[in-house]
file model_21.json (JSON, C-alpha atoms)
[["chain", "number", "residue", "atom", "x", "y", "z"],
["A", 1, "MET", "CA", -2.52, -1.87, -0.90],
["A", 2, "VAL", "CA", -1.61, 6.90, 3.71],
["A", 3, "GLU", "CA", 0.70, 6.99, 0.79],
["A", 4, "HIS", "CA", 4.12, 5.52, 1.43],
["A", 5, "GLU", "CA", 6.67, 8.11, 2.45],
["A", 6, "ASN", "CA", 8.53, 7.50, -0.81],
["A", 7, "ASP", "CA", 5.49, 7.45, -3.11],
["A", 8, "LYS", "CA", 6.30, 10.85, -4.64],
["A", 9, "ILE", "CA", 9.79, 9.63, -5.52],
["A", 10, "LEU", "CA", 8.40, 6.38, -6.91],
["A", 11, "THR", "CA", 5.95, 8.31, -9.08],
["A", 12, "GLU", "CA", 8.76, 10.49, -10.47],
["A", 13, "ILE", "CA", 10.88, 7.42, -11.25],
["A", 14, "LEU", "CA", 8.08, 5.60, -13.06],
["A", 15, "LYS", "CA", 7.21, 8.76, -14.99],
["A", 16, "ALA", "CA", 10.85, 9.28, -15.95],
["A", 17, "VAL", "CA", 11.34, 5.76, -17.30],
["A", 18, "SER", "CA", 7.98, 5.62, -19.07],
["A", 19, "ASP", "CA", 9.67, 7.13, -22.14],
["A", 20, "THR", "CA", 11.71, 4.79, -24.37],
["A", 21, "THR", "CA", 14.41, 7.40, -25.03],
["A", 22, "ARG", "CA", 14.97, 8.02, -21.33],
["A", 23, "ARG", "CA", 15.11, 4.29, -20.64],
["A", 24, "SER", "CA", 17.68, 3.98, -23.41],
["A", 25, "LEU", "CA", 19.73, 6.88, -22.03],
["A", 26, "LEU", "CA", 19.73, 5.38, -18.52],
["A", 27, "THR", "CA", 20.72, 1.96, -19.87],
["A", 28, "GLN", "CA", 23.51, 3.51, -21.91],
["A", 29, "LEU", "CA", 24.83, 5.40, -18.88],
["A", 30, "CYS", "CA", 24.78, 2.25, -16.74],
["A", 31, "GLN", "CA", 26.69, 0.38, -19.43],
["A", 32, "GLN", "CA", 29.41, 2.93, -20.15],
["A", 33, "GLY", "CA", 29.45, 5.05, -16.99],
["A", 34, "THR", "CA", 29.70, 8.82, -16.72],
["A", 35, "SER", "CA", 29.35, 10.39, -20.16],
["A", 36, "ARG", "CA", 29.23, 13.79, -21.82],
["A", 37, "VAL", "CA", 25.82, 15.01, -23.00],
["A", 38, "THR", "CA", 27.23, 15.50, -26.51],
["A", 39, "ASP", "CA", 28.43, 11.88, -26.64],
["A", 40, "LEU", "CA", 25.05, 10.62, -25.51],
["A", 41, "ALA", "CA", 23.28, 12.71, -28.15],
["A", 42, "ASN", "CA", 25.33, 11.11, -30.92],
["A", 43, "HIS", "CA", 23.38, 7.89, -30.46],
["A", 44, "TYR", "CA", 19.99, 9.46, -31.19],
["A", 45, "ASP", "CA", 18.34, 11.07, -34.15],
["A", 46, "MET", "CA", 17.32, 14.18, -32.25],
["A", 47, "SER", "CA", 18.75, 17.53, -31.26],
["A", 48, "LEU", "CA", 21.13, 18.12, -28.38],
["A", 49, "ASN", "CA", 18.42, 20.28, -26.79],
["A", 50, "ALA", "CA", 15.92, 17.41, -26.92],
["A", 51, "ILE", "CA", 18.41, 15.03, -25.30],
["A", 52, "SER", "CA", 19.09, 17.60, -22.57],
["A", 53, "LYS", "CA", 15.37, 17.80, -21.78],
["A", 54, "HIS", "CA", 15.21, 14.03, -21.36],
["A", 55, "ILE", "CA", 18.26, 14.11, -19.08],
["A", 56, "LYS", "CA", 16.62, 16.83, -16.94],
["A", 57, "VAL", "CA", 13.65, 14.52, -16.35],
["A", 58, "LEU", "CA", 16.03, 11.76, -15.25],
["A", 59, "GLU", "CA", 17.77, 14.28, -12.99],
["A", 60, "LYS", "CA", 14.48, 15.30, -11.37],
["A", 61, "ALA", "CA", 13.76, 11.65, -10.61],
["A", 62, "GLY", "CA", 17.22, 11.30, -9.04],
["A", 63, "LEU", "CA", 18.33, 8.70, -11.57],
["A", 64, "VAL", "CA", 21.28, 10.74, -12.85],
["A", 65, "THR", "CA", 23.40, 13.63, -11.65],
["A", 66, "ARG", "CA", 25.06, 16.35, -13.70],
["A", 67, "ARG", "CA", 28.58, 17.67, -13.19],
["A", 68, "THR", "CA", 29.77, 20.69, -15.16],
["A", 69, "ILE", "CA", 33.45, 21.20, -15.94],
["A", 70, "GLY", "CA", 33.95, 24.33, -17.98],
["A", 71, "ARG", "CA", 31.37, 24.13, -20.76],
["A", 72, "THR", "CA", 31.18, 20.35, -20.68],
["A", 73, "HIS", "CA", 28.29, 18.61, -18.95],
["A", 74, "TRP", "CA", 29.02, 15.14, -17.56],
["A", 75, "ILE", "CA", 26.10, 12.85, -16.68],
["A", 76, "GLU", "CA", 26.49, 10.10, -14.08],
["A", 77, "PRO", "CA", 23.94, 7.31, -13.42],
["A", 78, "LYS", "CA", 22.50, 7.06, -9.90],
["A", 79, "ILE", "CA", 20.22, 4.05, -9.68],
["A", 80, "GLU", "CA", 20.01, 3.63, -5.91],
["A", 81, "ARG", "CA", 16.44, 4.91, -6.07],
["A", 82, "VAL", "CA", 15.50, 2.02, -8.35],
["A", 83, "ARG", "CA", 15.29, -0.03, -5.14],
["A", 84, "LEU", "CA", 11.98, 1.75, -4.46],
["A", 85, "VAL", "CA", 10.58, 0.25, -7.66],
["A", 86, "GLU", "CA", 12.06, -3.13, -6.80],
["A", 87, "ASN", "CA", 10.47, -3.07, -3.33],
["A", 88, "TRP", "CA", 7.10, -2.06, -4.79],
["A", 89, "PHE", "CA", 7.15, -5.00, -7.20],
["A", 90, "LYS", "CA", 8.18, -7.30, -4.35],
["A", 91, "GLU", "CA", 5.12, -6.09, -2.41],
["A", 92, "LEU", "CA", 2.85, -6.76, -5.40],
["A", 93, "LYS", "CA", 4.42, -10.21, -5.80],
["A", 94, "SER", "CA", 3.83, -10.95, -2.12],
["A", 95, "ILE", "CA", 0.16, -9.98, -2.39],
["A", 96, "TRP", "CA", -0.30, -12.06, -5.55],
["A", 97, "GLU", "CA", 1.41, -15.10, -4.01],
["A", 98, "LEU", "CA", -0.88, -14.74, -0.99],
["A", 99, "ARG", "CA", -3.96, -14.95, -3.22],
["A", 100, "LEU", "CA", -2.58, -17.98, -5.05],
["A", 101, "GLU", "CA", -1.74, -19.65, -1.74],
["A", 102, "LEU", "CA", -5.27, -19.15, -0.44],
["A", 103, "LEU", "CA", -6.78, -20.36, -3.71],
["A", 104, "ASP", "CA", -4.60, -23.47, -3.56],
["A", 105, "GLU", "CA", -5.79, -24.19, -0.01],
["A", 106, "ILE", "CA", -9.41, -23.93, -1.11],
["A", 107, "MET", "CA", -8.84, -26.18, -4.15],
["A", 108, "THR", "CA", -6.86, -28.70, -2.07],
["A", 109, "ASP", "CA", -9.82, -29.03, 0.26],
["A", 110, "GLY", "CA", -11.86, -30.20, -2.71],
["A", 111, "GLY", "CA", -13.99, -27.11, -2.90],
["A", 112, "THR", "CA", -15.18, -27.41, 0.67],
["A", 113, "GLU", "CA", -17.95, -24.95, 1.47],
["A", 114, "MET", "CA", -16.61, -21.78, 3.05],
["A", 115, "THR", "CA", -17.09, -21.63, 6.78],
["A", 116, "GLU", "CA", -19.47, -19.15, 8.34],
["A", 117, "LEU", "CA", -17.27, -18.41, 11.34],
["A", 118, "THR", "CA", -17.74, -14.83, 12.53],
["A", 119, "VAL", "CA", -16.01, -12.24, 14.70],
["A", 120, "ASN", "CA", -18.28, -9.73, 16.47],
["A", 121, "ILE", "CA", -16.75, -6.96, 18.60],
["A", 122, "ASP", "CA", -18.18, -3.78, 20.13],
["A", 123, "LYS", "CA", -15.86, -0.96, 21.21],
["A", 124, "ILE", "CA", -16.64, 2.35, 22.92],
["A", 125, "VAL", "CA", -14.41, 5.07, 21.48],
["A", 126, "ASN", "CA", -13.82, 8.44, 23.11],
["A", 127, "ALA", "CA", -14.42, 10.58, 20.03],
["A", 128, "SER", "CA", -17.30, 11.84, 17.92],
["A", 129, "ILE", "CA", -18.91, 9.46, 15.47],
["A", 130, "GLU", "CA", -17.69, 11.57, 12.53],
["A", 131, "LYS", "CA", -14.10, 11.57, 13.74],
["A", 132, "VAL", "CA", -14.14, 7.81, 14.33],
["A", 133, "PHE", "CA", -15.68, 7.06, 10.92],
["A", 134, "ASP", "CA", -13.29, 9.35, 9.07],
["A", 135, "ALA", "CA", -10.28, 7.70, 10.73],
["A", 136, "TRP", "CA", -11.03, 4.49, 8.79],
["A", 137, "LEU", "CA", -10.64, 6.33, 5.49],
["A", 138, "ASN", "CA", -7.69, 8.52, 6.50],
["A", 139, "PRO", "CA", -4.40, 6.91, 5.39],
["A", 140, "LYS", "CA", -2.28, 8.61, 8.04],
["A", 141, "MET", "CA", -4.65, 7.59, 10.82],
["A", 142, "LEU", "CA", -5.01, 4.04, 9.48],
["A", 143, "SER", "CA", -1.26, 3.52, 9.50],
["A", 144, "LYS", "CA", -1.25, 4.25, 13.23],
["A", 145, "PHE", "CA", -4.10, 1.99, 14.38],
["A", 146, "MET", "CA", -4.36, -0.76, 11.74],
["A", 147, "ARG", "CA", -2.01, -3.08, 13.62],
["A", 148, "GLY", "CA", -2.76, -6.68, 14.51],
["A", 149, "MET", "CA", -0.45, -6.68, 17.55],
["A", 150, "PRO", "CA", 0.36, -3.93, 20.09],
["A", 151, "ASP", "CA", 4.12, -3.90, 19.42],
["A", 152, "MET", "CA", 3.88, -3.77, 15.62],
["A", 153, "PRO", "CA", 5.35, -0.70, 13.87],
["A", 154, "GLU", "CA", 3.10, 1.51, 11.75],
["A", 155, "THR", "CA", 1.40, -0.25, 8.86],
["A", 156, "ASP", "CA", 2.00, 0.66, 5.22],
["A", 157, "VAL", "CA", -1.35, 1.83, 3.90],
["A", 158, "GLU", "CA", -2.63, 2.56, 0.42],
["A", 159, "ILE", "CA", -6.32, 3.18, -0.17],
["A", 160, "ASP", "CA", -8.72, 4.36, -2.85],
["A", 161, "ALA", "CA", -11.42, 5.62, -0.49],
["A", 162, "ARG", "CA", -14.54, 5.18, -2.60],
["A", 163, "GLU", "CA", -17.11, 2.47, -3.15],
["A", 164, "GLY", "CA", -15.44, -0.02, -5.48],
["A", 165, "GLY", "CA", -11.98, 1.27, -4.55],
["A", 166, "ASN", "CA", -9.26, -1.07, -3.33],
["A", 167, "PHE", "CA", -6.92, -0.94, -0.35],
["A", 168, "THR", "CA", -3.70, -2.60, 0.76],
["A", 169, "PHE", "CA", -2.47, -2.79, 4.34],
["A", 170, "VAL", "CA", 1.02, -4.24, 4.80],
["A", 171, "MET", "CA", 1.73, -5.04, 8.43],
["A", 172, "HIS", "CA", 5.24, -5.73, 9.70],
["A", 173, "LEU", "CA", 6.15, -8.46, 12.17],
["A", 174, "GLY", "CA", 9.91, -8.53, 12.60],
["A", 175, "ASP", "CA", 11.36, -9.14, 9.14],
["A", 176, "GLU", "CA", 8.06, -10.54, 7.88],
["A", 177, "THR", "CA", 5.59, -8.49, 5.84],
["A", 178, "ILE", "CA", 1.92, -9.45, 6.09],
["A", 179, "PRO", "CA", -0.23, -8.00, 3.30],
["A", 180, "HIS", "CA", -4.00, -7.54, 3.62],
["A", 181, "THR", "CA", -6.10, -6.47, 0.67],
["A", 182, "GLY", "CA", -9.74, -5.67, 0.01],
["A", 183, "LYS", "CA", -12.36, -3.56, -1.72],
["A", 184, "TYR", "CA", -14.77, -0.99, -0.30],
["A", 185, "LEU", "CA", -18.33, -2.21, -0.84],
["A", 186, "GLU", "CA", -20.26, 0.45, 1.07],
["A", 187, "ILE", "CA", -19.27, 3.85, 2.46],
["A", 188, "SER", "CA", -22.14, 5.53, 4.31],
["A", 189, "ARG", "CA", -20.70, 8.35, 6.40],
["A", 190, "PRO", "CA", -20.85, 8.34, 9.39],
["A", 191, "ASP", "CA", -22.92, 5.22, 10.04],
["A", 192, "LYS", "CA", -21.55, 2.26, 8.10],
["A", 193, "LEU", "CA", -18.48, 0.96, 6.30],
["A", 194, "VAL", "CA", -18.26, -2.42, 4.53],
["A", 195, "PHE", "CA", -15.23, -3.92, 2.80],
["A", 196, "THR", "CA", -13.90, -7.29, 1.67],
["A", 197, "TRP", "CA", -10.85, -8.77, 3.38],
["A", 198, "ALA", "CA", -8.15, -11.11, 2.08],
["A", 199, "SER", "CA", -5.25, -12.25, 4.22],
["A", 200, "ARG", "CA", -3.42, -15.48, 4.89],
["A", 201, "TYR", "CA", -6.06, -16.63, 7.33],
["A", 202, "SER", "CA", -9.32, -15.58, 5.70],
["A", 203, "VAL", "CA", -10.73, -16.96, 2.48],
["A", 204, "VAL", "CA", -10.00, -15.16, -0.79],
["A", 205, "ASP", "CA", -13.60, -14.28, -1.64],
["A", 206, "ASN", "CA", -16.62, -13.31, 0.45],
["A", 207, "SER", "CA", -14.69, -12.60, 3.63],
["A", 208, "THR", "CA", -16.31, -9.31, 4.60],
["A", 209, "VAL", "CA", -15.89, -6.76, 7.38],
["A", 210, "THR", "CA", -18.83, -4.57, 8.39],
["A", 211, "LEU", "CA", -18.40, -1.59, 10.70],
["A", 212, "ASN", "CA", -21.48, 0.07, 12.21],
["A", 213, "PHE", "CA", -20.98, 3.37, 14.03],
["A", 214, "THR", "CA", -23.38, 4.62, 16.72],
["A", 215, "LYS", "CA", -23.39, 8.06, 18.32],
["A", 216, "ILE", "CA", -23.52, 7.99, 22.12],
["A", 217, "ASP", "CA", -22.87, 11.70, 22.63],
["A", 218, "ASP", "CA", -20.82, 14.44, 20.96],
["A", 219, "ASN", "CA", -17.55, 12.97, 22.24],
["A", 220, "THR", "CA", -18.34, 9.27, 22.48],
["A", 221, "SER", "CA", -19.33, 6.66, 19.94],
["A", 222, "LYS", "CA", -19.59, 2.90, 19.55],
["A", 223, "VAL", "CA", -17.99, 0.81, 16.82],
["A", 224, "SER", "CA", -19.60, -2.56, 16.11],
["A", 225, "LEU", "CA", -17.34, -4.76, 13.99],
["A", 226, "SER", "CA", -18.48, -7.94, 12.29],
["A", 227, "HIS", "CA", -16.09, -10.06, 10.20],
["A", 228, "VAL", "CA", -17.45, -13.17, 8.45],
["A", 229, "LYS", "CA", -15.85, -16.19, 6.76],
["A", 230, "PHE", "CA", -12.57, -17.73, 7.85],
["A", 231, "ILE", "CA", -10.66, -20.83, 6.86],
["A", 232, "ASP", "CA", -11.01, -22.38, 10.33],
["A", 233, "GLU", "CA", -11.56, -21.61, 14.01],
["A", 234, "GLU", "CA", -7.88, -20.85, 14.55],
["A", 235, "ALA", "CA", -8.03, -18.18, 11.85],
["A", 236, "ARG", "CA", -11.20, -16.73, 13.34],
["A", 237, "SER", "CA", -9.64, -16.57, 16.79],
["A", 238, "GLY", "CA", -6.49, -14.93, 15.43],
["A", 239, "HIS", "CA", -8.50, -12.27, 13.64],
["A", 240, "GLU", "CA", -10.58, -11.61, 16.74],
["A", 241, "GLY", "CA", -7.43, -10.80, 18.69],
["A", 242, "GLY", "CA", -6.14, -8.69, 15.82],
["A", 243, "TRP", "CA", -9.34, -6.66, 15.49],
["A", 244, "ARG", "CA", -9.47, -6.05, 19.24],
["A", 245, "CYS", "CA", -5.96, -4.64, 19.04],
["A", 246, "VAL", "CA", -6.96, -2.47, 16.06],
["A", 247, "LEU", "CA", -9.97, -1.05, 17.95],
["A", 248, "ASP", "CA", -7.88, -0.38, 21.06],
["A", 249, "LYS", "CA", -5.33, 1.45, 18.92],
["A", 250, "LEU", "CA", -8.15, 3.37, 17.22],
["A", 251, "ASN", "CA", -9.33, 4.66, 20.59],
["A", 252, "GLU", "CA", -5.77, 5.76, 21.42],
["A", 253, "VAL", "CA", -5.34, 7.57, 18.11],
["A", 254, "VAL", "CA", -8.65, 9.45, 17.94],
["A", 255, "GLY", "CA", -9.46, 9.75, 21.65]]

call {"tool": "encode", "arguments": {"input": "model_21.json", "output": "structure tokens"}}
result
Amino acid sequence: MVEHENDKILTEILKAVSDTTRRSLLTQLCQQGTSRVTDLANHYDMSLNAISKHIKVLEKAGLVTRRTIGRTHWIEPKIERVRLVENWFKELKSIWELRLELLDEIMTDGGTEMTELTVNIDKIVNASIEKVFDAWLNPKMLSKFMRGMPDMPETDVEIDAREGGNFTFVMHLGDETIPHTGKYLEISRPDKLVFTWASRYSVVDNSTVTLNFTKIDDNTSKVSLSHVKFIDEEARSGHEGGWRCVLDKLNEVVG
């Protein structure tokens, strides 16, 4: 849920607008357009120097630009970067709607007992057991091999790589975004990794992926993947194909 390429910018924007004065300044600039620093300061019960410091924070975040003519400083709003925040909230909304959709399916079925359908896959990987294990907790590596289909572009990955930490994988299929979320339940390097899994085709709760890693030699290892609980056989079959693609990509990336 690897950091996005624009995460640093997003962090700066959120930090900049976390202050009420800076939000007010940005709103004022958007309403009245390019303004002098002295004119902006007239609206606040604080010194010109204090206002200038707030404007510098907005500048650093790329939300305003400064143009100096003589001794006069003109500040212009630049809110194109706000789209990063908008896209982030859209992603959160998509994930939340996914969870509600899955919950609705479960409730519509009258609380039907969750199925025990399972995917079990073994894959020989041409890399050491440590390298293979670490790839599953390396954001940059994950973005390259966590793909449900061979022709998918790199996945957007955000992880908190600790037991109890959450992750989000957003796969892209054409114009469609497909979010997957979960929580790390067990991290035992380099032998075992267990996490929950929520997507459109697995149940919201208790759908769990277990990865067991076995050393064959210094440059070869085996990954045994087990994924339990799906809505139906079609979902199980779809995930089986997806996980096989993921493991094939893993071998390409680390091998």

call {"tool": "closest_residue", "arguments": {"input": "model_21.json", "among": "A:Phe213, A:Trp88, A:Phe230, A:Tyr184", "to": "Ser199 (chain A)", "atoms": "all atoms listed in the file"}}
result
A:Phe230

call {"tool": "closest_residue", "arguments": {"input": "model_21.json", "among": "A:Ser47, A:Thr68, A:Thr181, A:Ser35", "to": "Gly165 (chain A)", "atoms": "all atoms listed in the file"}}
result
A:Thr181

call {"tool": "residues_around", "arguments": {"input": "model_21.json", "residues": "Ser18 (chain A)", "least_positions_apart": "4", "cutoff": "12 Å", "atoms": "all atoms listed in the file", "output": "PyMOL selection string"}}
result
chain A and resi 11-14+22-24+26+54+57-58+61

call {"tool": "residues_around", "arguments": {"input": "model_21.json", "residues": "Thr72 (chain A)", "least_positions_apart": "4", "cutoff": "12 Å", "atoms": "all atoms listed in the file", "output": "tab-separated table (two decimals) with C-alpha atoms, in the frame of the given file"}}
result
chain	number	residue	atom	x	y	z
A	35	SER	CA	29.35	10.39	-20.16
A	36	ARG	CA	29.23	13.79	-21.82
A	37	VAL	CA	25.82	15.01	-23.00
A	38	THR	CA	27.23	15.50	-26.51
A	39	ASP	CA	28.43	11.88	-26.64
A	66	ARG	CA	25.06	16.35	-13.70
A	67	ARG	CA	28.58	17.67	-13.19
A	68	THR	CA	29.77	20.69	-15.16

call {"tool": "atom_distance", "arguments": {"input": "model_21.json", "atom1": "CA of Phe167 (chain A)", "atom2": "CA of Asp134 (chain A)"}}
result
15.3 Å

call {"tool": "closest_residue", "arguments": {"input": "model_21.json", "among": "A:Ile75, A:Leu40, A:Ile121, A:Val170", "to": "Leu211 (chain A)", "atoms": "all atoms listed in the file"}}
result
A:Ile121

call {"tool": "atom_distance", "arguments": {"input": "model_21.json", "atom1": "CA of Val209 (chain A)", "atom2": "CA of Asp232 (chain A)"}}
result
16.6 Å
